[in-house]
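Take a look at the structure below.
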Amino acid sequence: MNELVTVIIPYYKKRQFIKKCLNSVYKQTYKKIEILIIYDDINHKDITFLKKIAKTKYKTKIIINKKNLGAGNSRNIGINNAKGKFIAFLDADDHWSKNKLKIQINFMKENKINFSFTSYKIVNLRKLVIKIIRAQTILSRKQLIKSCDIGLSTVMLKRSVLKVNKFPNIKTKEDYVLWLAISKKNTLYGIDNVLTTWQQSPNSLSSNTFQKIKDSYLVYNTYLKYGAIKSIISIFFLVINFLKKRYL
């Protein structure tokens, strides 16, 4: 029996990417899906455009935030409205290969697991591949603390896991905090297939180095309860591992 998968897509000023993103979901070989687009822009000029490209036969629903809440809180709204047994996250500027959901859900059901992620490639605005990030078969909590090697748009998990875990209210690293929380009671399994394309965007929050360092400190100091010195040391190793992952 095919299980319903809810695909959650936060939307904020991504008009140039969203059509390709949505089409990659519509073209999935796994068809039992619902799509929740969380519109997080107080400027409503793109709503008509989204309604035009959204295909109703795939149960595409647009949820409009009353104010700008950020990606993490928008995903939480998606989680609260999800009907699927499984949830897959996708950022509006990323896209999937056509077999992504089928491969992932079969892997999870066959192995009876709650959380999985895949390998992914990073491309620039000229569509050139910058780097391929390979998923480890099993990512331990200890490894995750040192380096976040999970691409958000590659993740699929059971909705039941999110009953007690949600995205925190921070500008970046919100996914990292959630994975760390989930890793306390769940094993994180990787699939070494490149099934997702991560779009590098120079103006995105994830590319803001200062904001990332600031939020990394929150990850260690506030959420993991590390002292100031241990938090700074942890950030140092996180940055080193990030540079190795992206440039070596």
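Within each chain, counting starts at residue 1; across the structure tokens, chains are named A, B, ... in the order shown, with ligands numbered 1 upward in that order.
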Original post:
Quick one: residues within 8 Å of range 177-191 of chain A, only C-alpha atoms counted, chain neighbours fewer than 6 positions away excluded, as a ChimeraX atom specification?
Top reply: /A:104,113-119,135-141,144-145,161,165-168,219,223
Suppose we keep C-alpha atoms; can you now write the selection as a PDB file, in the first residue's frame?
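What ended up in out_23.pdb:
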```pdb
ATOM      1  CA  GLN A 104      13.522   7.071  -0.503  1.00  0.00           C
ATOM      2  CA  ILE A 113      13.323   3.572   9.646  1.00  0.00           C
ATOM      3  CA  ASN A 114      12.055   7.021  10.642  1.00  0.00           C
ATOM      4  CA  PHE A 115      14.553   9.400   9.013  1.00  0.00           C
ATOM      5  CA  SER A 116      16.558   9.374   5.801  1.00  0.00           C
ATOM      6  CA  PHE A 117      18.522  11.767   3.624  1.00  0.00           C
ATOM      7  CA  THR A 118      20.317  11.487   0.285  1.00  0.00           C
ATOM      8  CA  SER A 119      23.379  12.691  -1.545  1.00  0.00           C
ATOM      9  CA  ALA A 135      25.432  10.856   2.178  1.00  0.00           C
ATOM     10  CA  GLN A 136      26.924   8.519   4.765  1.00  0.00           C
ATOM     11  CA  THR A 137      25.128   5.216   5.315  1.00  0.00           C
ATOM     12  CA  ILE A 138      24.630   6.042   8.984  1.00  0.00           C
ATOM     13  CA  LEU A 139      25.269   9.470  10.486  1.00  0.00           C
ATOM     14  CA  SER A 140      25.819   9.320  14.239  1.00  0.00           C
ATOM     15  CA  ARG A 141      24.867  12.130  16.590  1.00  0.00           C
ATOM     16  CA  LEU A 144      26.448  15.402  13.259  1.00  0.00           C
ATOM     17  CA  ILE A 145      27.570  17.669  16.110  1.00  0.00           C
ATOM     18  CA  VAL A 161       8.869  12.020  14.621  1.00  0.00           C
ATOM     19  CA  ASN A 165      10.332  18.036  17.463  1.00  0.00           C
ATOM     20  CA  LYS A 166       9.908  21.235  15.431  1.00  0.00           C
ATOM     21  CA  PHE A 167      12.116  23.788  13.697  1.00  0.00           C
ATOM     22  CA  PRO A 168      13.399  26.443  16.134  1.00  0.00           C
ATOM     23  CA  VAL A 219      23.099  25.822  18.205  1.00  0.00           C
ATOM     24  CA  TYR A 223      20.305  24.214  22.215  1.00  0.00           C
TER      25      TYR A 223
END
```
**OP:** Could you tell me, as a PyMOL selection string, which residues of range 60-158 of chain A DSSP assigns to helix (DSSP H, G or I) when given the backbone?
**Re:** chain A and resi 71-81+100-111+141-146+152-154
Okay, now the selection with N, CA and C atoms, as an mmCIF file, in the first residue's frame?
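And here is the file that came out, out36.cif:
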```cif
data_model
loop_
_atom_site.group_PDB
_atom_site.id
_atom_site.type_symbol
_atom_site.label_atom_id
_atom_site.label_comp_id
_atom_site.auth_asym_id
_atom_site.auth_seq_id
_atom_site.Cartn_x
_atom_site.Cartn_y
_atom_site.Cartn_z
ATOM 1 N N ALA A 71 11.727 30.659 7.279
ATOM 2 C CA ALA A 71 11.601 29.318 6.693
ATOM 3 C C ALA A 71 11.245 28.254 7.723
ATOM 4 N N GLY A 72 11.906 28.303 8.892
ATOM 5 C CA GLY A 72 11.664 27.287 9.911
ATOM 6 C C GLY A 72 10.231 27.287 10.408
ATOM 7 N N ASN A 73 9.733 28.448 10.791
ATOM 8 C CA ASN A 73 8.349 28.546 11.274
ATOM 9 C C ASN A 73 7.348 28.232 10.173
ATOM 10 N N SER A 74 7.678 28.576 8.942
ATOM 11 C CA SER A 74 6.791 28.239 7.823
ATOM 12 C C SER A 74 6.710 26.721 7.642
ATOM 13 N N ARG A 75 7.845 26.058 7.775
ATOM 14 C CA ARG A 75 7.823 24.591 7.691
ATOM 15 C C ARG A 75 6.995 23.999 8.834
ATOM 16 N N ASN A 76 7.074 24.611 10.005
ATOM 17 C CA ASN A 76 6.264 24.125 11.136
ATOM 18 C C ASN A 76 4.775 24.228 10.819
ATOM 19 N N ILE A 77 4.372 25.310 10.147
ATOM 20 C CA ILE A 77 2.978 25.448 9.728
ATOM 21 C C ILE A 77 2.621 24.329 8.753
ATOM 22 N N GLY A 78 3.543 24.020 7.850
ATOM 23 C CA GLY A 78 3.332 22.915 6.929
ATOM 24 C C GLY A 78 3.178 21.596 7.661
ATOM 25 N N ILE A 79 4.029 21.374 8.644
ATOM 26 C CA ILE A 79 3.960 20.136 9.445
ATOM 27 C C ILE A 79 2.601 20.027 10.130
ATOM 28 N N ASN A 80 2.122 21.135 10.686
ATOM 29 C CA ASN A 80 0.834 21.132 11.402
ATOM 30 C C ASN A 80 -0.348 20.871 10.469
ATOM 31 N N ASN A 81 -0.168 21.155 9.178
ATOM 32 C CA ASN A 81 -1.251 20.945 8.205
ATOM 33 C C ASN A 81 -1.074 19.669 7.382
ATOM 34 N N LYS A 100 13.244 10.400 -6.822
ATOM 35 C CA LYS A 100 13.679 10.703 -5.459
ATOM 36 C C LYS A 100 12.733 10.129 -4.399
ATOM 37 N N LEU A 101 11.471 10.460 -4.483
ATOM 38 C CA LEU A 101 10.528 10.013 -3.452
ATOM 39 C C LEU A 101 10.340 8.498 -3.470
ATOM 40 N N LYS A 102 10.297 7.917 -4.661
ATOM 41 C CA LYS A 102 10.098 6.465 -4.773
ATOM 42 C C LYS A 102 11.250 5.698 -4.139
ATOM 43 N N ILE A 103 12.475 6.096 -4.458
ATOM 44 C CA ILE A 103 13.656 5.426 -3.897
ATOM 45 C C ILE A 103 13.682 5.578 -2.385
ATOM 46 N N GLN A 104 13.393 6.782 -1.927
ATOM 47 C CA GLN A 104 13.522 7.071 -0.503
ATOM 48 C C GLN A 104 12.451 6.387 0.342
ATOM 49 N N ILE A 105 11.207 6.447 -0.114
ATOM 50 C CA ILE A 105 10.147 5.836 0.688
ATOM 51 C C ILE A 105 10.270 4.314 0.687
ATOM 52 N N ASN A 106 10.686 3.720 -0.429
ATOM 53 C CA ASN A 106 10.898 2.270 -0.461
ATOM 54 C C ASN A 106 12.017 1.867 0.502
ATOM 55 N N PHE A 107 13.078 2.644 0.519
ATOM 56 C CA PHE A 107 14.192 2.393 1.428
ATOM 57 C C PHE A 107 13.736 2.465 2.884
ATOM 58 N N MET A 108 12.939 3.450 3.201
ATOM 59 C CA MET A 108 12.495 3.628 4.587
ATOM 60 C C MET A 108 11.522 2.540 5.013
ATOM 61 N N LYS A 109 10.615 2.162 4.125
ATOM 62 C CA LYS A 109 9.644 1.136 4.472
ATOM 63 C C LYS A 109 10.294 -0.239 4.578
ATOM 64 N N GLU A 110 11.209 -0.546 3.660
ATOM 65 C CA GLU A 110 11.890 -1.839 3.684
ATOM 66 C C GLU A 110 12.759 -2.004 4.929
ATOM 67 N N ASN A 111 13.381 -0.914 5.366
ATOM 68 C CA ASN A 111 14.279 -0.974 6.511
ATOM 69 C C ASN A 111 13.640 -0.509 7.823
ATOM 70 N N ARG A 141 25.061 10.823 15.949
ATOM 71 C CA ARG A 141 24.867 12.130 16.590
ATOM 72 C C ARG A 141 26.217 12.814 16.821
ATOM 73 N N LYS A 142 27.225 12.037 17.195
ATOM 74 C CA LYS A 142 28.559 12.585 17.428
ATOM 75 C C LYS A 142 29.120 13.212 16.153
ATOM 76 N N GLN A 143 28.938 12.536 15.030
ATOM 77 C CA GLN A 143 29.400 13.068 13.743
ATOM 78 C C GLN A 143 28.607 14.315 13.354
ATOM 79 N N LEU A 144 27.313 14.282 13.614
ATOM 80 C CA LEU A 144 26.448 15.402 13.259
ATOM 81 C C LEU A 144 26.817 16.659 14.032
ATOM 82 N N ILE A 145 27.179 16.515 15.293
ATOM 83 C CA ILE A 145 27.570 17.669 16.110
ATOM 84 C C ILE A 145 28.785 18.375 15.515
ATOM 85 N N LYS A 146 29.677 17.602 14.912
ATOM 86 C CA LYS A 146 30.900 18.177 14.339
ATOM 87 C C LYS A 146 30.682 18.759 12.949
ATOM 88 N N LEU A 152 18.855 19.823 3.570
ATOM 89 C CA LEU A 152 17.454 19.864 3.999
ATOM 90 C C LEU A 152 16.505 19.334 2.932
ATOM 91 N N SER A 153 16.747 19.688 1.686
ATOM 92 C CA SER A 153 15.842 19.264 0.609
ATOM 93 C C SER A 153 15.988 17.791 0.247
ATOM 94 N N THR A 154 16.883 17.084 0.924
ATOM 95 C CA THR A 154 17.035 15.647 0.697
ATOM 96 C C THR A 154 16.286 14.820 1.733
#
```
Subject >> Exercise: Lys85 in chain A partners within 8 Å, only C-alpha atoms, chain neighbours under 2 positions left out, as number ranges by chain >> reply: A: 3-6, 83, 87, 158-160
Could you write those residues out with N, CA and C atoms, as a PDB file, in the first residue's frame?
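Saved the output as out-v3.pdb:
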```pdb
ATOM      1  N   GLU A   3       1.888   4.936   0.788  1.00  0.00           N
ATOM      2  CA  GLU A   3       1.605   5.893   1.855  1.00  0.00           C
ATOM      3  C   GLU A   3       1.651   7.313   1.289  1.00  0.00           C
ATOM      4  N   LEU A   4       0.819   8.178   1.826  1.00  0.00           N
ATOM      5  CA  LEU A   4       0.814   9.573   1.401  1.00  0.00           C
ATOM      6  C   LEU A   4       2.068  10.285   1.894  1.00  0.00           C
ATOM      7  N   VAL A   5       2.711  11.024   0.984  1.00  0.00           N
ATOM      8  CA  VAL A   5       3.876  11.846   1.332  1.00  0.00           C
ATOM      9  C   VAL A   5       3.484  13.320   1.208  1.00  0.00           C
ATOM     10  N   THR A   6       3.695  14.079   2.262  1.00  0.00           N
ATOM     11  CA  THR A   6       3.462  15.521   2.224  1.00  0.00           C
ATOM     12  C   THR A   6       4.773  16.227   1.896  1.00  0.00           C
ATOM     13  N   LYS A  83      -0.973  15.878   6.101  1.00  0.00           N
ATOM     14  CA  LYS A  83      -1.793  14.685   6.272  1.00  0.00           C
ATOM     15  C   LYS A  83      -1.013  13.403   5.991  1.00  0.00           C
ATOM     16  N   ILE A  87       6.871  12.925   5.528  1.00  0.00           N
ATOM     17  CA  ILE A  87       7.048  14.322   5.138  1.00  0.00           C
ATOM     18  C   ILE A  87       8.395  14.471   4.441  1.00  0.00           C
ATOM     19  N   LYS A 158       9.256  10.300   8.982  1.00  0.00           N
ATOM     20  CA  LYS A 158       7.882  10.009   9.387  1.00  0.00           C
ATOM     21  C   LYS A 158       7.326  11.204  10.157  1.00  0.00           C
ATOM     22  N   ARG A 159       6.080  11.534   9.876  1.00  0.00           N
ATOM     23  CA  ARG A 159       5.457  12.681  10.537  1.00  0.00           C
ATOM     24  C   ARG A 159       5.398  12.496  12.043  1.00  0.00           C
ATOM     25  N   SER A 160       5.319  11.256  12.506  1.00  0.00           N
ATOM     26  CA  SER A 160       5.245  10.991  13.947  1.00  0.00           C
ATOM     27  C   SER A 160       6.476  11.493  14.692  1.00  0.00           C
TER      28      SER A 160
END
```
Per residue of range 60-131 of chain A within 9 Å of range 37-40 of chain A, which atom pair is closest and at what distance in Å (one decimal), using only C-alpha atoms, listed by chain and increasing number, as a tab-separated table?
```
residue	atom	partner	partner_atom	distance
A:Thr60	CA	A:Ile37	CA	7.4
A:Lys61	CA	A:Ile37	CA	6.2
A:Ile62	CA	A:Ile37	CA	4.7
A:Ile63	CA	A:Ile38	CA	4.9
A:Ile64	CA	A:Tyr39	CA	4.7
A:Asn65	CA	A:Asp40	CA	5.4
A:Lys66	CA	A:Asp40	CA	8.0
A:Lys67	CA	A:Asp40	CA	6.9
A:Asn68	CA	A:Asp40	CA	5.1
A:Leu69	CA	A:Asp40	CA	6.5
A:Gly70	CA	A:Asp40	CA	6.9
A:Ala71	CA	A:Asp40	CA	7.8
A:Ser74	CA	A:Ile38	CA	5.9
A:Arg75	CA	A:Ile38	CA	7.3
A:Ile77	CA	A:Ile38	CA	7.6
A:Gly78	CA	A:Ile38	CA	6.7
A:Ala92	CA	A:Ile37	CA	8.9
```
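The shortest atom-to-atom distance to Gly84 in chain A, with only C-alpha atoms taken into account, belongs to A:Asn2 out of A:Ser201, A:Asn2, A:Thr222, A:Ser234.
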Subject >> Residue contacts of Asn221 in chain A (10 Å, only C-alpha atoms) excluding same-chain residues fewer than 5 positions away, as a PyMOL selection string >> reply: chain A and resi 215-216+226-232+234
Would you export the selected residues with C-alpha atoms as a compact mmCIF listing (two decimals), in the first residue's frame, please?
```
# COMPACT_ATOMS: atom_id res chain seq x y z
CA ASP A 215 23.33 30.99 14.64
CA SER A 216 26.01 28.29 15.02
CA TYR A 226 27.59 24.11 25.78
CA GLY A 227 29.58 26.76 27.63
CA ALA A 228 30.96 29.76 25.75
CA ILE A 229 34.46 28.33 25.20
CA LYS A 230 33.24 24.89 24.12
CA SER A 231 30.73 26.57 21.78
CA ILE A 232 33.47 28.63 20.12
CA SER A 234 32.78 23.61 18.25
```
**OP:** Write out as a PyMOL selection string each polymer residue whose atoms come within 9 Å of range 42-58 of chain A, counting only C-alpha atoms; drop sequence neighbours fewer than 5 positions from it.
**Re:** chain A and resi 13+15+18-19+22-23+26+31-35+64-68
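The space between CA of Val7 in chain A and CA of Lys20 in chain A spans 14.8 Å.
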**OP:** Would you mind listing what lies within 12 Å of Val129 in chain A as a ChimeraX atom specification, with only C-alpha atoms counted and same-chain residues fewer than 2 positions away left out?
**Re:** /A:120-127,131-133,197-200,246
Next, dump the selected residues to file, keeping only N, CA and C atoms, as a PDB file, in the first residue's frame.
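Final output, out.pdb:
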```
ATOM      1  N   TYR A 120      23.488  14.882  -2.610  1.00  0.00           N
ATOM      2  CA  TYR A 120      22.961  15.970  -3.432  1.00  0.00           C
ATOM      3  C   TYR A 120      24.096  16.709  -4.116  1.00  0.00           C
ATOM      4  N   LYS A 121      23.739  17.436  -5.170  1.00  0.00           N
ATOM      5  CA  LYS A 121      24.740  18.246  -5.856  1.00  0.00           C
ATOM      6  C   LYS A 121      24.422  19.728  -5.686  1.00  0.00           C
ATOM      7  N   ILE A 122      25.477  20.517  -5.621  1.00  0.00           N
ATOM      8  CA  ILE A 122      25.346  21.967  -5.510  1.00  0.00           C
ATOM      9  C   ILE A 122      25.641  22.578  -6.872  1.00  0.00           C
ATOM     10  N   VAL A 123      24.730  23.424  -7.359  1.00  0.00           N
ATOM     11  CA  VAL A 123      24.941  24.081  -8.651  1.00  0.00           C
ATOM     12  C   VAL A 123      24.894  25.599  -8.474  1.00  0.00           C
ATOM     13  N   ASN A 124      25.599  26.305  -9.328  1.00  0.00           N
ATOM     14  CA  ASN A 124      25.554  27.761  -9.278  1.00  0.00           C
ATOM     15  C   ASN A 124      24.474  28.277 -10.224  1.00  0.00           C
ATOM     16  N   LEU A 125      24.355  29.594 -10.348  1.00  0.00           N
ATOM     17  CA  LEU A 125      23.298  30.182 -11.170  1.00  0.00           C
ATOM     18  C   LEU A 125      23.470  29.883 -12.656  1.00  0.00           C
ATOM     19  N   ARG A 126      24.674  29.468 -13.048  1.00  0.00           N
ATOM     20  CA  ARG A 126      24.907  29.079 -14.443  1.00  0.00           C
ATOM     21  C   ARG A 126      24.665  27.581 -14.658  1.00  0.00           C
ATOM     22  N   LYS A 127      24.141  26.925 -13.608  1.00  0.00           N
ATOM     23  CA  LYS A 127      23.794  25.498 -13.627  1.00  0.00           C
ATOM     24  C   LYS A 127      25.021  24.583 -13.683  1.00  0.00           C
ATOM     25  N   LYS A 131      29.822  21.047  -6.522  1.00  0.00           N
ATOM     26  CA  LYS A 131      30.244  19.997  -5.591  1.00  0.00           C
ATOM     27  C   LYS A 131      29.138  18.965  -5.465  1.00  0.00           C
ATOM     28  N   ILE A 132      29.523  17.714  -5.226  1.00  0.00           N
ATOM     29  CA  ILE A 132      28.570  16.662  -4.874  1.00  0.00           C
ATOM     30  C   ILE A 132      28.828  16.270  -3.423  1.00  0.00           C
ATOM     31  N   ILE A 133      27.779  16.342  -2.601  1.00  0.00           N
ATOM     32  CA  ILE A 133      27.879  15.981  -1.184  1.00  0.00           C
ATOM     33  C   ILE A 133      27.311  14.575  -1.014  1.00  0.00           C
ATOM     34  N   THR A 197      19.082  18.521  -6.224  1.00  0.00           N
ATOM     35  CA  THR A 197      19.959  19.604  -6.671  1.00  0.00           C
ATOM     36  C   THR A 197      19.748  20.807  -5.770  1.00  0.00           C
ATOM     37  N   TRP A 198      20.811  21.233  -5.127  1.00  0.00           N
ATOM     38  CA  TRP A 198      20.772  22.391  -4.225  1.00  0.00           C
ATOM     39  C   TRP A 198      21.287  23.609  -4.978  1.00  0.00           C
ATOM     40  N   GLN A 199      20.430  24.618  -5.082  1.00  0.00           N
ATOM     41  CA  GLN A 199      20.755  25.818  -5.845  1.00  0.00           C
ATOM     42  C   GLN A 199      21.521  26.826  -4.989  1.00  0.00           C
ATOM     43  N   GLN A 200      22.724  27.140  -5.385  1.00  0.00           N
ATOM     44  CA  GLN A 200      23.498  28.165  -4.689  1.00  0.00           C
ATOM     45  C   GLN A 200      22.950  29.537  -5.064  1.00  0.00           C
ATOM     46  N   ARG A 246      32.900  21.574   1.170  1.00  0.00           N
ATOM     47  CA  ARG A 246      32.551  22.383  -0.004  1.00  0.00           C
ATOM     48  C   ARG A 246      33.688  22.549  -1.003  1.00  0.00           C
TER      49      ARG A 246
END
```
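Coordinates place CA of Phe242 in chain A at a distance of 21.7 Å from CA of Phe89 in chain A.
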Original post:
Of the candidates A:Asn99, A:Ile213, A:Thr29, A:Asp149, which one gets nearest to Lys244 in chain A if we count only C-alpha atoms?
Top reply: A:Asp149
